[in-house]
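Participant: Let me give you the structure first, and then I'll get to my questions.
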Amino acid sequence: MPTALITGITGQDGSYLAEFLLDKGYRVIGMVRRSSTVTYQRIRHIQDKVEIIQGDLHDQSSLVYAVETYKPDEVYNLAAQSFVPTSWNQPVLTGEVTALGATRILEAIRMANPKARFYQASSSEMFGKVMEVPQRETTPFYPRSPYGVAKVYGHWITVNYRESYDLFACSGILFNHESPRRGLEFVTRKITHGAAMIKLGLANELRLGNLESRRDWGFAGDYVEVMWRMLQQDAPDDYVVGTGETHSVREFCEAAFGCIGLDYNNYVVQDERFYRPAEVDLLVSDPSKAREVLGWECKVCFDDLVELMVKSDLEVLQSA
C-alpha cells in the first residue's frame, strides 16, 4: 500500500485528491493546521479513511516530522493562501505560505525522505499579463498579483530542488478548476450560489467585478488525476493542465442563470469594489503535453460544470 501525504487536504483539490488516492488503494495522510474550529466539511464523508495530522507550512519542524514519521511515497503540496484578492491585503502572509511554504516542504523531503515524489500546485496566475496565447510550459511568466508572484517562486524553487538535489519534483501549472466544493469567495461559486439564491427568492441581485475577464475553467475532480499521473512517470517534469477553452465571467453568468431559466442581465451588477488592482484579462491553456505524455484529458465540459455547480447550490439551499 503506497502512502501519500497531502497538504491542504481540507480544500477543494485536497478532498478530490484524497478520494482519488483512496480508490487507488493508498494510505492517505492529510496535514492540517491547528485550529480551534473544525473545517473538515469537504472530507467528512471520507474522514474515517484518512489519517489527519497537524502541521503547518510556516513550521519547518512539523514538516520534517511528518515526512520522517510517515515516510510518504508521494507528497502533494496543495496548501496555500490561494484567494487572489486576499493576496493584495495580505501579501507577506501569501509569500510566507504560498512561496516559502513550498521551500520548507521541499527541504523537509530533502532532509528526511529524498526518495519521496513531490507535486507542487503551480497556477495559471503565474502567466498573468500573458506573453503568448495559448499558454504552454515554455510561456514566460508575468504575474499580476502577490499570489501569482508567490506561485512563481514556488514553481522555480521546485525546479531548483529537482535539478540541485535530484529530487523527483513536479509542478502542475493548473488553470482554473472549479466544483461545488469551491469556496464562496471565488467568483465561480459566487455566481452559482448567487443565481441559486435569486432563483429561490433569497436575493435580488449579484454584485461582481470585471465581467470581461476570460479564464480556462475545468472541473477540479478531473484535475486531481493528472497530479497523480505526473508522479507515476519515469522522470519528473512540469505540465500545463487545462481545457484549452476560454470563457468570460459574463459567459459564466449567462450559463449559470440560463440553466435555471433566468436572464443574468436582470440581476448582475458590476461593482468597482471587486475589480483587481492589476487585472489578468485572458488565460487559456495549451494542454497538449499533458495529453500526449500523460494520456490525460478533461471529461467535464464548461456547460456541464456550471450546471453541476448551480444544481448543487440549489440543493444545499433548499435543504437548509
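How things are named: the first chain in the C-alpha cells is A, the next is B, and so on; residues count from 1 in each chain; ligands count from 1 in the order shown.
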Which polymer residues have any atom within 8 Å of an atom of A:Ala99, counting only C-alpha atoms, with same-chain residues fewer than 6 positions away left out, as a ChimeraX atom specification?
Facilitator: /A:150-154
Participant: Identify, with DSSP run on backbone atoms, the residues in stretch 53-285 of chain A assigned to helix (DSSP H, G or I), and express the list as a PyMOL selection string.
Facilitator: chain A and resi 60-70+84-89+91-112+124-126+146-165+187-199+220-230+249-258+264-266+272-274
Participant: Produce a file of the selected residues containing C-alpha atoms, as a short mmCIF file (atom, residue, chain, number, x, y, z; two decimals), in the first residue's frame.
Facilitator:
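Final file, out29.cif:
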```cif
data_model
loop_
_atom_site.label_atom_id
_atom_site.label_comp_id
_atom_site.auth_asym_id
_atom_site.auth_seq_id
_atom_site.Cartn_x
_atom_site.Cartn_y
_atom_site.Cartn_z
CA GLN A 60 9.76 23.55 9.32
CA SER A 61 9.95 21.11 12.22
CA SER A 62 6.35 19.92 11.75
CA LEU A 63 7.05 19.23 8.08
CA VAL A 64 10.24 17.31 8.82
CA TYR A 65 8.37 15.31 11.46
CA ALA A 66 5.57 14.41 9.03
CA VAL A 67 7.92 13.31 6.25
CA GLU A 68 10.24 11.46 8.61
CA THR A 69 7.48 9.71 10.58
CA TYR A 70 5.12 8.65 7.79
CA VAL A 84 -6.08 36.12 -5.26
CA PRO A 85 -7.85 39.28 -3.93
CA THR A 86 -6.66 38.50 -0.38
CA SER A 87 -3.07 38.42 -1.62
CA TRP A 88 -3.09 42.21 -2.03
CA ASN A 89 -4.38 42.70 1.51
CA PRO A 91 0.99 39.93 0.62
CA VAL A 92 3.52 38.92 3.29
CA LEU A 93 1.34 36.06 4.55
CA THR A 94 0.78 34.95 0.96
CA GLY A 95 4.52 34.86 0.36
CA GLU A 96 5.20 33.02 3.61
CA VAL A 97 2.68 30.26 2.92
CA THR A 98 2.49 30.01 -0.86
CA ALA A 99 6.16 30.65 -1.70
CA LEU A 100 8.30 29.81 1.33
CA GLY A 101 5.92 27.03 2.38
CA ALA A 102 6.84 25.13 -0.78
CA THR A 103 10.51 25.61 0.04
CA ARG A 104 10.05 24.30 3.56
CA ILE A 105 8.35 21.11 2.45
CA LEU A 106 10.94 20.51 -0.28
CA GLU A 107 13.65 20.96 2.33
CA ALA A 108 11.86 18.51 4.63
CA ILE A 109 11.81 15.94 1.82
CA ARG A 110 15.49 16.55 1.05
CA MET A 111 16.42 16.09 4.69
CA ALA A 112 14.11 13.27 5.77
CA SER A 124 -2.06 29.75 -14.37
CA GLU A 125 -1.97 33.05 -12.43
CA MET A 126 1.80 32.88 -12.93
CA PRO A 146 1.16 38.82 -4.93
CA TYR A 147 -0.42 35.36 -5.22
CA GLY A 148 0.88 34.94 -8.76
CA VAL A 149 4.34 36.13 -7.72
CA ALA A 150 4.39 33.68 -4.79
CA LYS A 151 3.36 30.83 -7.08
CA VAL A 152 6.20 31.70 -9.48
CA TYR A 153 8.63 31.38 -6.58
CA GLY A 154 7.12 28.05 -5.55
CA HIS A 155 7.35 26.83 -9.13
CA TRP A 156 11.00 27.76 -9.64
CA ILE A 157 12.13 26.52 -6.23
CA THR A 158 10.61 23.15 -7.19
CA VAL A 159 12.64 23.17 -10.41
CA ASN A 160 15.72 24.21 -8.46
CA TYR A 161 15.43 21.38 -5.92
CA ARG A 162 14.83 18.90 -8.73
CA GLU A 163 17.98 20.00 -10.52
CA SER A 164 20.13 20.60 -7.44
CA TYR A 165 19.28 17.53 -5.36
CA VAL A 187 -16.16 34.21 -8.45
CA THR A 188 -17.46 30.96 -9.99
CA ARG A 189 -19.08 29.76 -6.77
CA LYS A 190 -20.21 33.31 -6.01
CA ILE A 191 -22.07 33.25 -9.34
CA THR A 192 -23.67 29.81 -8.98
CA HIS A 193 -24.62 30.39 -5.34
CA GLY A 194 -25.94 33.85 -6.17
CA ALA A 195 -28.02 32.52 -9.05
CA ALA A 196 -29.48 29.83 -6.79
CA MET A 197 -30.28 32.42 -4.10
CA ILE A 198 -32.10 34.59 -6.64
CA LYS A 199 -34.00 31.61 -8.08
CA ALA A 220 -11.47 20.01 -10.16
CA GLY A 221 -12.40 16.33 -9.94
CA ASP A 222 -10.81 15.78 -13.35
CA TYR A 223 -7.63 17.66 -12.48
CA VAL A 224 -6.54 15.64 -9.45
CA GLU A 225 -5.98 12.62 -11.69
CA VAL A 226 -3.33 14.50 -13.65
CA MET A 227 -1.49 15.33 -10.41
CA TRP A 228 -1.21 11.62 -9.70
CA ARG A 229 -0.23 10.80 -13.29
CA MET A 230 2.71 13.23 -13.09
CA VAL A 249 -17.09 35.85 -16.46
CA ARG A 250 -20.06 37.18 -18.40
CA GLU A 251 -20.43 33.83 -20.19
CA PHE A 252 -20.25 32.05 -16.84
CA CYS A 253 -23.10 34.25 -15.57
CA GLU A 254 -25.13 33.61 -18.72
CA ALA A 255 -24.70 29.84 -18.37
CA ALA A 256 -25.42 29.79 -14.62
CA PHE A 257 -28.60 31.85 -14.78
CA GLY A 258 -29.65 30.26 -18.06
CA TYR A 264 -28.40 37.32 -15.81
CA ASN A 265 -28.79 40.85 -17.23
CA ASN A 266 -31.70 41.39 -14.86
CA GLU A 272 -15.82 48.54 -8.95
CA ARG A 273 -15.09 47.32 -5.42
CA PHE A 274 -14.48 43.86 -6.87
#
```
Participant: Closest to A:Ala290 among A:Arg136, A:Arg33, A:Lys115, A:Lys71, using only C-alpha atoms?
Facilitator: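 So, comparing all the options, the nearest one is A:Arg136.
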Participant: Looking only at the backbone, which of the residues in stretch 49-274 of chain A does DSSP tag as strand (DSSP E or B), as a count of residues only?
Facilitator: 41
Participant: Residues within 8 Å of stretch 267-269 of chain A, please, as a ChimeraX atom specification. Count only C-alpha atoms; anything in the same chain fewer than 6 positions from it doesn't count.
Facilitator: /A:204-208
Participant: Compare A:Leu314, A:Cys301, A:Leu184, A:Ile6 by their minimum atom-to-atom distance to A:Leu78, counting only C-alpha atoms, and give me the closest one.
Facilitator: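 Among the listed residues, A:Ile6 lies closest to A:Leu78.
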Participant: Would you mind telling me which residue in A:Gln12, A:Gln233, A:Thr3, A:Ser213 lies nearest to A:Arg27 when using only C-alpha atoms?
Facilitator: A:Thr3
Participant: Mind checking which residues fall within 6 Å of A:Gln120, counting only C-alpha atoms, ignoring those fewer than 2 positions away in the same chain, and posting them as a list of chain:residue names?
Facilitator: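 The filter keeps A:Asn77, A:Ser122, A:Ser171.
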Participant: With distances taken over only C-alpha atoms, which residue among A:Glu212, A:Glu137, A:Glu292, A:Glu279 lies nearest A:Ser248?
Facilitator: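 So, comparing all the options, the nearest one is A:Glu212.
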Participant: Record the distance separating atom CA of A:Pro287 and atom CA of A:Arg117, expressed in Å with one decimal.
Facilitator: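 Between atom CA of A:Pro287 and atom CA of A:Arg117 the gap is 22.3 Å.
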Participant: Of the candidates A:Val50, A:Val241, A:Val316, A:Ala18, which shows the shortest atom-to-atom distance to A:Ala121, using only C-alpha atoms?
Facilitator: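 For A:Ala121, the nearest of the candidates is A:Val241.
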Participant: Provide the atom CA of A:Phe118 to atom CA of A:Leu167 distance in Å, to one decimal place.
Facilitator: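 Distance between the two atoms: 7.9 Å.
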Participant: Point out the residue among A:Lys49, A:Lys24, A:Arg144, A:His58 with the least atom-to-atom distance to A:Arg276, counting only C-alpha atoms.
Facilitator: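 Closest to A:Arg276, using only C-alpha atoms: A:Arg144.
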